[in-house]
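Structure data (mmCIF, C-alpha atoms) from data-v8.cif:
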data_query
#
loop_
_atom_site.group_PDB
_atom_site.id
_atom_site.type_symbol
_atom_site.label_atom_id
_atom_site.label_comp_id
_atom_site.auth_asym_id
_atom_site.auth_seq_id
_atom_site.Cartn_x
_atom_site.Cartn_y
_atom_site.Cartn_z
ATOM 1 C CA MET V 1 0.000 0.000 0.000
ATOM 2 C CA LYS V 2 2.811 2.428 0.812
ATOM 3 C CA HIS V 3 4.093 2.141 -2.760
ATOM 4 C CA TRP V 4 0.690 3.120 -4.142
ATOM 5 C CA ILE V 5 0.443 6.075 -1.765
ATOM 6 C CA SER V 6 3.918 7.163 -2.825
ATOM 7 C CA ALA V 7 3.011 6.804 -6.515
ATOM 8 C CA ALA V 8 -0.144 8.882 -5.946
ATOM 9 C CA ARG V 9 2.131 11.676 -4.652
ATOM 10 C CA PRO V 10 -0.142 13.239 -2.007
ATOM 11 C CA ARG V 11 2.082 16.323 -1.849
ATOM 12 C CA THR V 12 0.756 17.369 -5.283
ATOM 13 C CA LEU V 13 -2.880 17.440 -4.115
ATOM 14 C CA PRO V 14 -2.777 20.888 -2.429
ATOM 15 C CA LEU V 15 -1.726 22.380 -5.751
ATOM 16 C CA ALA V 16 -4.403 20.524 -7.704
ATOM 17 C CA LEU V 17 -7.102 21.617 -5.250
ATOM 18 C CA SER V 18 -5.983 25.253 -5.248
ATOM 19 C CA SER V 19 -7.771 26.075 -8.496
ATOM 20 C CA ILE V 20 -10.980 24.446 -7.231
ATOM 21 C CA PHE V 21 -10.756 26.402 -3.991
ATOM 22 C CA MET V 22 -10.075 29.641 -5.875
ATOM 23 C CA GLY V 23 -13.109 29.184 -8.131
ATOM 24 C CA SER V 24 -15.236 28.222 -5.131
ATOM 25 C CA PHE V 25 -14.159 31.274 -3.134
ATOM 26 C CA LEU V 26 -14.991 33.527 -6.075
ATOM 27 C CA ALA V 27 -18.410 31.880 -6.395
ATOM 28 C CA ALA V 28 -19.076 32.144 -2.661
ATOM 29 C CA GLY V 29 -18.203 35.829 -2.848
ATOM 30 C CA ALA V 30 -20.843 36.134 -5.562
ATOM 31 C CA HIS V 31 -23.367 34.258 -3.345
ATOM 32 C CA ALA V 32 -23.444 31.224 -5.651
ATOM 33 C CA PHE V 33 -22.001 28.315 -3.676
ATOM 34 C CA SER V 34 -23.143 24.684 -3.325
ATOM 35 C CA TRP V 35 -21.519 22.090 -1.069
ATOM 36 C CA THR V 36 -22.605 19.260 -3.361
ATOM 37 C CA THR V 37 -20.969 20.850 -6.396
ATOM 38 C CA PHE V 38 -17.866 21.656 -4.359
ATOM 39 C CA THR V 39 -17.533 18.084 -3.064
ATOM 40 C CA LEU V 40 -17.865 16.588 -6.543
ATOM 41 C CA ALA V 41 -15.346 19.090 -7.910
ATOM 42 C CA VAL V 42 -12.839 18.139 -5.198
ATOM 43 C CA LEU V 43 -13.278 14.411 -5.839
ATOM 44 C CA THR V 44 -12.923 14.817 -9.606
ATOM 45 C CA THR V 45 -9.787 16.901 -9.174
ATOM 46 C CA ILE V 46 -8.202 14.388 -6.805
ATOM 47 C CA PHE V 47 -8.900 11.510 -9.211
ATOM 48 C CA LEU V 48 -7.476 13.485 -12.157
ATOM 49 C CA GLN V 49 -4.355 14.425 -10.223
ATOM 50 C CA VAL V 50 -3.722 10.867 -9.071
ATOM 51 C CA LEU V 51 -4.298 9.685 -12.651
ATOM 52 C CA SER V 52 -1.724 12.199 -13.847
ATOM 53 C CA ASN V 53 0.770 11.073 -11.206
ATOM 54 C CA PHE V 54 0.282 7.399 -12.065
ATOM 55 C CA ALA V 55 0.671 8.164 -15.774
ATOM 56 C CA ASN V 56 3.819 10.187 -15.062
ATOM 57 C CA ASP V 57 5.272 7.325 -13.043
ATOM 58 C CA TYR V 58 4.487 4.854 -15.823
ATOM 59 C CA GLY V 59 5.427 7.065 -18.768
ATOM 60 C CA ASP V 60 8.779 8.261 -17.465
ATOM 61 C CA THR V 61 9.851 4.685 -16.818
ATOM 62 C CA VAL V 62 8.657 3.261 -20.144
ATOM 63 C CA SER V 63 10.271 6.098 -22.101
ATOM 64 C CA GLY V 64 13.551 5.735 -20.241
ATOM 65 C CA VAL V 65 13.450 9.206 -18.654
ATOM 66 C CA ASP V 66 13.533 7.648 -15.174
ATOM 67 C CA THR V 67 16.538 5.367 -14.878
ATOM 68 C CA VAL V 68 18.433 3.669 -12.074
ATOM 69 C CA GLU V 69 20.521 6.845 -11.809
ATOM 70 C CA ARG V 70 17.544 8.708 -10.341
ATOM 71 C CA THR V 71 17.996 8.991 -6.580
ATOM 72 C CA VAL V 72 15.535 11.764 -5.659
ATOM 73 C CA ALA V 73 11.741 11.314 -5.933
ATOM 74 C CA THR V 74 12.117 7.788 -7.312
ATOM 75 C CA ARG V 75 9.156 6.204 -9.098
ATOM 76 C CA ALA V 76 7.303 2.998 -8.181
ATOM 77 C CA VAL V 77 7.452 1.490 -11.669
ATOM 78 C CA GLN V 78 11.086 2.539 -12.070
ATOM 79 C CA THR V 79 12.099 0.694 -8.893
ATOM 80 C CA GLY V 80 9.890 -2.322 -9.619
ATOM 81 C CA ALA V 81 7.679 -1.805 -6.560
ATOM 82 C CA ILE V 82 4.683 -1.673 -8.946
ATOM 83 C CA THR V 83 4.648 -3.499 -12.274
ATOM 84 C CA ARG V 84 3.746 -1.825 -15.552
ATOM 85 C CA GLU V 85 0.626 -3.962 -15.817
ATOM 86 C CA GLN V 86 -0.526 -2.985 -12.325
ATOM 87 C CA MET V 87 0.024 0.698 -13.050
ATOM 88 C CA THR V 88 -1.868 0.428 -16.337
ATOM 89 C CA ARG V 89 -4.879 -1.035 -14.495
ATOM 90 C CA ALA V 90 -4.626 1.721 -11.865
ATOM 91 C CA MET V 91 -4.635 4.374 -14.613
ATOM 92 C CA ILE V 92 -7.784 2.840 -16.114
ATOM 93 C CA ILE V 93 -9.500 2.831 -12.712
ATOM 94 C CA MET V 94 -8.585 6.480 -12.088
ATOM 95 C CA SER V 95 -9.807 7.432 -15.564
ATOM 96 C CA VAL V 96 -13.169 5.750 -14.927
ATOM 97 C CA LEU V 97 -13.531 7.357 -11.482
ATOM 98 C CA SER V 98 -12.656 10.764 -12.947
ATOM 99 C CA PHE V 99 -15.265 10.310 -15.662
ATOM 100 C CA ILE V 100 -17.969 9.215 -13.221
ATOM 101 C CA THR V 101 -17.481 11.992 -10.673
ATOM 102 C CA GLY V 102 -16.927 14.503 -13.465
ATOM 103 C CA SER V 103 -20.221 13.505 -15.080
ATOM 104 C CA LEU V 104 -22.032 13.831 -11.760
ATOM 105 C CA LEU V 105 -20.379 17.225 -11.259
ATOM 106 C CA ILE V 106 -21.542 18.446 -14.656
ATOM 107 C CA TYR V 107 -25.079 17.212 -14.008
ATOM 108 C CA GLU V 108 -25.250 18.791 -10.562
ATOM 109 C CA GLY V 109 -23.683 22.081 -11.587
ATOM 110 C CA LEU V 110 -25.262 22.548 -15.014
ATOM 111 C CA LYS V 111 -28.616 20.723 -14.868
ATOM 112 C CA ASP V 112 -30.467 24.047 -15.142
ATOM 113 C CA THR V 113 -28.336 25.456 -17.966
ATOM 114 C CA SER V 114 -28.128 24.954 -21.731
ATOM 115 C CA THR V 115 -27.179 21.803 -23.626
ATOM 116 C CA GLN V 116 -24.272 23.726 -25.140
ATOM 117 C CA ALA V 117 -22.794 24.426 -21.702
ATOM 118 C CA ILE V 118 -23.151 20.765 -20.682
ATOM 119 C CA LEU V 119 -21.489 19.506 -23.881
ATOM 120 C CA THR V 120 -18.689 22.061 -23.525
ATOM 121 C CA PHE V 121 -17.880 20.877 -20.016
ATOM 122 C CA PHE V 122 -18.046 17.230 -21.078
ATOM 123 C CA GLY V 123 -15.522 18.057 -23.789
ATOM 124 C CA LEU V 124 -13.253 19.810 -21.291
ATOM 125 C CA GLY V 125 -13.537 16.831 -18.948
ATOM 126 C CA ILE V 126 -12.474 14.386 -21.654
ATOM 127 C CA LEU V 127 -9.594 16.666 -22.606
ATOM 128 C CA ALA V 128 -8.506 16.818 -18.956
ATOM 129 C CA ILE V 129 -8.372 13.010 -18.764
ATOM 130 C CA ILE V 130 -6.441 12.785 -22.042
ATOM 131 C CA ALA V 131 -4.033 15.543 -20.964
ATOM 132 C CA SER V 132 -3.421 13.805 -17.634
ATOM 133 C CA ILE V 133 -2.279 10.670 -19.441
ATOM 134 C CA THR V 134 -0.484 11.970 -22.525
ATOM 135 C CA TYR V 135 1.821 14.313 -20.604
ATOM 136 C CA THR V 136 4.321 11.439 -20.401
ATOM 137 C CA VAL V 137 2.537 8.489 -22.085
ATOM 138 C CA GLY V 138 2.317 7.807 -25.816
ATOM 139 C CA LYS V 139 4.492 8.110 -28.890
ATOM 140 C CA ARG V 140 4.894 11.892 -28.562
ATOM 141 C CA PRO V 141 4.294 12.957 -24.919
ATOM 142 C CA TYR V 142 3.775 16.704 -24.902
ATOM 143 C CA GLY V 143 5.604 17.015 -21.576
ATOM 144 C CA TYR V 144 8.826 15.942 -23.288
ATOM 145 C CA MET V 145 8.479 18.731 -25.852
ATOM 146 C CA GLY V 146 8.345 21.557 -23.313
ATOM 147 C CA LEU V 147 4.575 21.991 -23.629
ATOM 148 C CA GLY V 148 3.772 21.029 -20.050
ATOM 149 C CA ASP V 149 3.894 24.636 -18.884
ATOM 150 C CA ILE V 150 1.110 25.857 -21.154
ATOM 151 C CA SER V 151 -1.005 22.791 -20.353
ATOM 152 C CA VAL V 152 -0.639 23.412 -16.613
ATOM 153 C CA LEU V 153 -1.517 27.099 -17.060
ATOM 154 C CA ILE V 154 -4.657 26.151 -18.965
ATOM 155 C CA PHE V 155 -5.949 23.323 -16.751
ATOM 156 C CA PHE V 156 -4.671 24.395 -13.305
ATOM 157 C CA GLY V 157 -5.460 28.030 -14.008
ATOM 158 C CA TRP V 158 -8.089 29.091 -16.501
ATOM 159 C CA VAL V 159 -10.104 25.865 -16.814
ATOM 160 C CA GLY V 160 -9.807 24.970 -13.130
ATOM 161 C CA VAL V 161 -10.774 28.351 -11.695
ATOM 162 C CA LEU V 162 -13.122 29.737 -14.343
ATOM 163 C CA GLY V 163 -14.746 26.337 -14.906
ATOM 164 C CA THR V 164 -15.381 25.866 -11.194
ATOM 165 C CA TYR V 165 -16.827 29.370 -10.916
ATOM 166 C CA TYR V 166 -19.154 28.699 -13.859
ATOM 167 C CA LEU V 167 -20.401 25.446 -12.323
ATOM 168 C CA PHE V 168 -21.593 27.483 -9.340
ATOM 169 C CA ALA V 169 -22.622 30.818 -10.841
ATOM 170 C CA HIS V 170 -23.570 29.838 -14.423
ATOM 171 C CA GLU V 171 -21.823 32.918 -15.749
ATOM 172 C CA PHE V 172 -18.407 34.049 -16.927
ATOM 173 C CA ASP V 173 -16.726 37.072 -15.312
ATOM 174 C CA TRP V 174 -13.698 38.389 -17.227
ATOM 175 C CA LEU V 175 -12.264 39.877 -14.055
ATOM 176 C CA ASN V 176 -11.801 36.353 -12.674
ATOM 177 C CA VAL V 177 -9.221 35.688 -15.387
ATOM 178 C CA LEU V 178 -6.714 37.531 -13.178
ATOM 179 C CA PRO V 179 -6.844 35.242 -10.086
ATOM 180 C CA ALA V 180 -7.215 32.258 -12.436
ATOM 181 C CA THR V 181 -3.965 33.268 -14.114
ATOM 182 C CA SER V 182 -2.322 33.569 -10.689
ATOM 183 C CA CYS V 183 -3.289 29.971 -9.884
ATOM 184 C CA GLY V 184 -2.077 28.783 -13.251
ATOM 185 C CA LEU V 185 1.281 30.546 -13.065
ATOM 186 C CA PHE V 186 1.942 29.283 -9.535
ATOM 187 C CA ALA V 187 1.161 25.761 -10.744
ATOM 188 C CA VAL V 188 3.610 26.250 -13.609
ATOM 189 C CA GLY V 189 6.061 27.361 -10.929
ATOM 190 C CA VAL V 190 5.745 23.969 -9.245
ATOM 191 C CA LEU V 191 6.382 22.225 -12.566
ATOM 192 C CA ASN V 192 9.346 24.500 -13.193
ATOM 193 C CA ILE V 193 10.925 23.562 -9.841
ATOM 194 C CA ASN V 194 10.409 19.911 -10.728
ATOM 195 C CA ASN V 195 12.082 20.410 -14.100
ATOM 196 C CA ILE V 196 14.971 22.453 -12.670
ATOM 197 C CA ARG V 197 15.576 19.635 -10.187
ATOM 198 C CA ASP V 198 15.667 17.089 -13.024
ATOM 199 C CA ILE V 199 17.545 19.253 -15.533
ATOM 200 C CA GLU V 200 20.629 17.018 -15.689
ATOM 201 C CA SER V 201 18.778 13.702 -16.022
ATOM 202 C CA ASP V 202 16.274 15.192 -18.498
ATOM 203 C CA THR V 203 19.121 16.502 -20.648
ATOM 204 C CA LYS V 204 20.664 13.031 -20.806
ATOM 205 C CA THR V 205 17.392 11.310 -21.720
ATOM 206 C CA GLY V 206 16.168 13.888 -24.250
ATOM 207 C CA LYS V 207 13.272 15.376 -22.281
ATOM 208 C CA ASN V 208 13.182 18.951 -23.590
ATOM 209 C CA SER V 209 11.542 20.760 -20.696
ATOM 210 C CA ILE V 210 11.731 24.551 -20.461
ATOM 211 C CA PRO V 211 14.701 24.458 -18.018
ATOM 212 C CA VAL V 212 16.553 22.068 -20.356
ATOM 213 C CA ARG V 213 16.009 24.520 -23.203
ATOM 214 C CA LEU V 214 16.914 27.597 -21.145
ATOM 215 C CA GLY V 215 19.594 26.286 -18.799
ATOM 216 C CA LYS V 216 19.567 26.596 -15.000
ATOM 217 C CA ALA V 217 20.329 30.340 -14.757
ATOM 218 C CA LYS V 218 17.618 31.448 -17.186
ATOM 219 C CA ALA V 219 15.168 28.899 -15.750
ATOM 220 C CA VAL V 220 15.549 30.622 -12.373
ATOM 221 C CA ILE V 221 14.806 33.993 -14.013
ATOM 222 C CA TYR V 222 11.780 32.363 -15.632
ATOM 223 C CA HIS V 223 10.731 31.195 -12.161
ATOM 224 C CA TRP V 224 10.894 34.733 -10.783
ATOM 225 C CA PHE V 225 8.753 35.817 -13.752
ATOM 226 C CA LEU V 226 6.131 33.116 -13.087
ATOM 227 C CA LEU V 227 5.703 33.901 -9.399
ATOM 228 C CA GLY V 228 6.030 37.661 -9.810
ATOM 229 C CA THR V 229 3.468 37.837 -12.613
ATOM 230 C CA GLY V 230 1.135 35.478 -10.781
ATOM 231 C CA PHE V 231 1.256 37.626 -7.663
ATOM 232 C CA LEU V 232 0.810 40.830 -9.706
ATOM 233 C CA CYS V 233 -2.337 39.485 -11.390
ATOM 234 C CA THR V 234 -4.065 39.125 -8.024
ATOM 235 C CA VAL V 235 -2.797 42.532 -6.901
ATOM 236 C CA ILE V 236 -4.422 44.102 -9.973
ATOM 237 C CA TYR V 237 -7.619 42.138 -9.343
ATOM 238 C CA THR V 238 -7.716 43.240 -5.706
ATOM 239 C CA VAL V 239 -7.151 46.910 -6.570
ATOM 240 C CA ILE V 240 -10.086 46.809 -9.009
ATOM 241 C CA VAL V 241 -12.388 44.908 -6.647
ATOM 242 C CA THR V 242 -11.468 47.005 -3.598
ATOM 243 C CA MET V 243 -12.180 50.258 -5.467
ATOM 244 C CA LYS V 244 -15.494 48.841 -6.664
ATOM 245 C CA GLU V 245 -16.543 47.573 -3.236
ATOM 246 C CA SER V 246 -15.473 50.794 -1.503
ATOM 247 C CA SER V 247 -17.528 52.795 -3.964
ATOM 248 C CA GLU V 248 -20.573 50.587 -3.406
ATOM 249 C CA PHE V 249 -20.114 50.852 0.379
ATOM 250 C CA ASN V 250 -20.065 54.670 0.177
ATOM 251 C CA ILE V 251 -23.099 54.786 -2.079
ATOM 252 C CA ASN V 252 -25.096 52.452 0.177
ATOM 253 C CA LEU V 253 -24.094 54.391 3.277
ATOM 254 C CA SER V 254 -25.022 57.683 1.644
ATOM 255 C CA TYR V 255 -28.374 56.259 0.585
ATOM 256 C CA LYS V 256 -29.155 55.154 4.144
ATOM 257 C CA ASN V 257 -27.804 58.417 5.658
ATOM 258 C CA PRO V 258 -28.436 61.256 3.169
ATOM 259 C CA ASP V 259 -26.953 63.861 5.540
ATOM 260 C CA LEU V 260 -23.539 62.125 5.614
ATOM 261 C CA HIS V 261 -20.737 62.908 3.170
ATOM 262 C CA LEU V 262 -19.716 60.042 0.850
ATOM 263 C CA ASN V 263 -16.253 59.691 2.365
ATOM 264 C CA VAL V 264 -17.732 58.314 5.575
ATOM 265 C CA GLY V 265 -17.070 54.924 3.975
ATOM 266 C CA THR V 266 -13.407 55.291 4.874
ATOM 267 C CA GLY V 267 -14.283 54.432 8.478
ATOM 268 C CA ASP V 268 -13.754 51.237 10.416
ATOM 269 C CA GLN V 269 -16.088 49.056 8.369
ATOM 270 C CA ASN V 270 -14.502 50.033 5.076
ATOM 271 C CA PHE V 271 -10.993 49.626 6.531
ATOM 272 C CA ASN V 272 -11.816 46.066 7.615
ATOM 273 C CA LEU V 273 -13.050 45.335 4.108
ATOM 274 C CA ILE V 274 -9.833 46.651 2.553
ATOM 275 C CA TRP V 275 -7.257 44.863 4.719
ATOM 276 C CA LEU V 276 -9.030 41.512 4.390
ATOM 277 C CA ASN V 277 -8.864 41.876 0.614
ATOM 278 C CA TRP V 278 -5.075 42.183 0.929
ATOM 279 C CA LEU V 279 -4.549 39.307 3.354
ATOM 280 C CA PHE V 280 -2.879 37.190 0.631
ATOM 281 C CA ILE V 281 0.184 39.464 0.821
ATOM 282 C CA VAL V 282 1.390 37.341 3.765
ATOM 283 C CA THR V 283 2.522 34.760 1.194
ATOM 284 C CA LEU V 284 4.910 37.161 -0.587
ATOM 285 C CA PRO V 285 7.914 36.447 1.705
ATOM 286 C CA LEU V 286 7.368 32.720 1.135
ATOM 287 C CA LEU V 287 7.339 33.158 -2.630
ATOM 288 C CA ILE V 288 10.564 35.172 -2.478
ATOM 289 C CA ARG V 289 12.156 32.528 -0.249
ATOM 290 C CA ILE V 290 11.209 29.816 -2.740
ATOM 291 C CA CYS V 291 12.774 31.691 -5.653
ATOM 292 C CA LYS V 292 15.982 32.269 -3.720
ATOM 293 C CA GLY V 293 16.092 28.660 -2.538
ATOM 294 C CA VAL V 294 15.676 27.283 -6.060
ATOM 295 C CA ALA V 295 18.401 29.623 -7.293
ATOM 296 C CA ARG V 296 20.812 28.494 -4.556
ATOM 297 C CA GLY V 297 20.067 24.775 -4.941
ATOM 298 C CA LYS V 298 22.931 22.927 -6.589
ATOM 299 C CA THR V 299 21.693 19.339 -6.426
ATOM 300 C CA PRO V 300 18.307 17.636 -6.942
ATOM 301 C CA ALA V 301 18.183 16.875 -3.201
ATOM 302 C CA GLN V 302 18.586 20.579 -2.371
ATOM 303 C CA ILE V 303 15.895 21.699 -4.830
ATOM 304 C CA ASP V 304 13.310 18.961 -4.241
ATOM 305 C CA PRO V 305 11.963 20.246 -0.867
ATOM 306 C CA PHE V 306 10.790 23.457 -2.538
ATOM 307 C CA LEU V 307 8.239 21.484 -4.565
ATOM 308 C CA LYS V 308 6.180 20.797 -1.454
ATOM 309 C CA VAL V 309 6.742 24.311 -0.124
ATOM 310 C CA MET V 310 5.565 25.853 -3.411
ATOM 311 C CA ALA V 311 2.439 23.677 -3.516
ATOM 312 C CA LEU V 312 1.503 24.524 0.079
ATOM 313 C CA THR V 313 2.279 28.216 -0.453
ATOM 314 C CA THR V 314 -0.062 28.240 -3.437
ATOM 315 C CA LEU V 315 -2.809 26.734 -1.290
ATOM 316 C CA LEU V 316 -2.141 29.308 1.469
ATOM 317 C CA PHE V 317 -2.249 32.073 -1.143
ATOM 318 C CA VAL V 318 -5.658 30.874 -2.332
ATOM 319 C CA ILE V 319 -7.056 30.517 1.198
ATOM 320 C CA THR V 320 -5.924 33.977 2.305
ATOM 321 C CA PHE V 321 -7.260 35.422 -0.933
ATOM 322 C CA GLY V 322 -10.529 33.574 -0.365
ATOM 323 C CA ILE V 323 -10.968 35.013 3.125
ATOM 324 C CA GLY V 324 -11.002 38.453 1.539
ATOM 325 C CA ARG V 325 -13.743 37.369 -0.861
ATOM 326 C CA LEU V 326 -15.918 35.908 1.900
ATOM 327 C CA PHE V 327 -15.844 38.756 4.428
#
Show me, as structure tokens, the structure contained in the file I just sent.
Amino acid sequence: MKHWISAARPRTLPLALSSIFMGSFLAAGAHAFSWTTFTLAVLTTIFLQVLSNFANDYGDTVSGVDTVERTVATRAVQTGAITREQMTRAMIIMSVLSFITGSLLIYEGLKDTSTQAILTFFGLGILAIIASITYTVGKRPYGYMGLGDISVLIFFGWVGVLGTYYLFAHEFDWLNVLPATSCGLFAVGVLNINNIRDIESDTKTGKNSIPVRLGKAKAVIYHWFLLGTGFLCTVIYTVIVTMKESSEFNINLSYKNPDLHLNVGTGDQNFNLIWLNWLFIVTLPLLIRICKGVARGKTPAQIDPFLKVMALTTLLFVITFGIGRLF
């Protein structure tokens, strides 16, 4: 059992769930939340992430990317703890579970919407299953061509956040693209740490990840760009939302108290609203620490711990952001 738990890579789950949490927080802030939809979304995401991890374990071994030289984050199929046949069956089971819970999620979230919306989400669900597998499995795995970053941005960012929000609210808000992009870029940051860690082994085996193409020094600069841009997107979103909410607070207060000047809204209530919106800033020192740590890391063993730290920091970022949307 411990080999299966290791192959499922539980430390990746906080990152996978971050986009679901972000979309759910945005929906709750818009007064459009359902526990049933949320639960099904969480289950579907967990199954998809485990499927992806199983496929990565299988694919990297079959393709020869993971060899006996790998000493950090070893794979179950690579070491022989799980056979290829067993992992293939596990991938099929995870695919079926993902499809079942995903179908239930679509029914629950979109049963009162149009057929077009339902078919669109079914299509996205099938694509998510295919993308989870073909990242490292198949004749031309897109992960080996340096296309993993854009796939992660799309599915862990835009599809994950905006899709979750739509399942609750049945509408698309362009402003939500900003926090969705933050989630996506932070997820790409996790992948980038993984690829920087494996840069030497990937170079030897022909896996052309972004760090292999750029080299370690430029990959670190790229990492600063990912986290910096991701953080900036939410800053821009928060500035826009805070200005909008402050304006609405002043207008409502003026309507209830015609004799008061509009700037009364800068009082205690409005101040509480503003600082909660900016609570996510507490994660900035952690993001900076991660970038510096990845830059200083010389060996895979020194870089590997930052994978877990980055995933948990992303989840903390989403939770602190979400608190601002709820209160």
Expected selection from the PyMOL selection byres ((chain V and resi 219-233) around 10), given as a PyMOL selection string: chain V and resi 177-193+195-196+199+210-218+234-238+280-281+283-284+287-288+290-292+294-296+317
Pick out the residues sitting within 12 Å of Phe122 in chain V, and hand them over as a ChimeraX atom specification; count all atoms listed in the file, and ignore anything fewer than 6 positions along from it in its own chain. /V:98-107,110,115-116,128-129,163
Set the distance at 10 Å and use all atoms listed in the file: which residues neighbour Trp278 in chain V once local chain neighbours fewer than 5 positions away are removed? I'd like the list as a list in words.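 In the requested format, the answer is Thr234, Val235, Thr238, Val239, Thr242, Leu273, Thr320, Phe321, Ile323 and Gly324 of chain V.
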So the first atom is CA of Val77 in chain V and the second is CA of Asn56 in chain V; what is the distance between them in Å, to one decimal place?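 Atom-to-atom, CA of Val77 in chain V and CA of Asn56 in chain V are spaced 10.0 Å apart.
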Could you state which residues are captured by the PyMOL selection byres ((chain V and resi 305) around 12) in this file, as a PyMOL selection string? chain V and resi 11+72-73+190+193-194+197+290+293-294+297+299-304+306-312
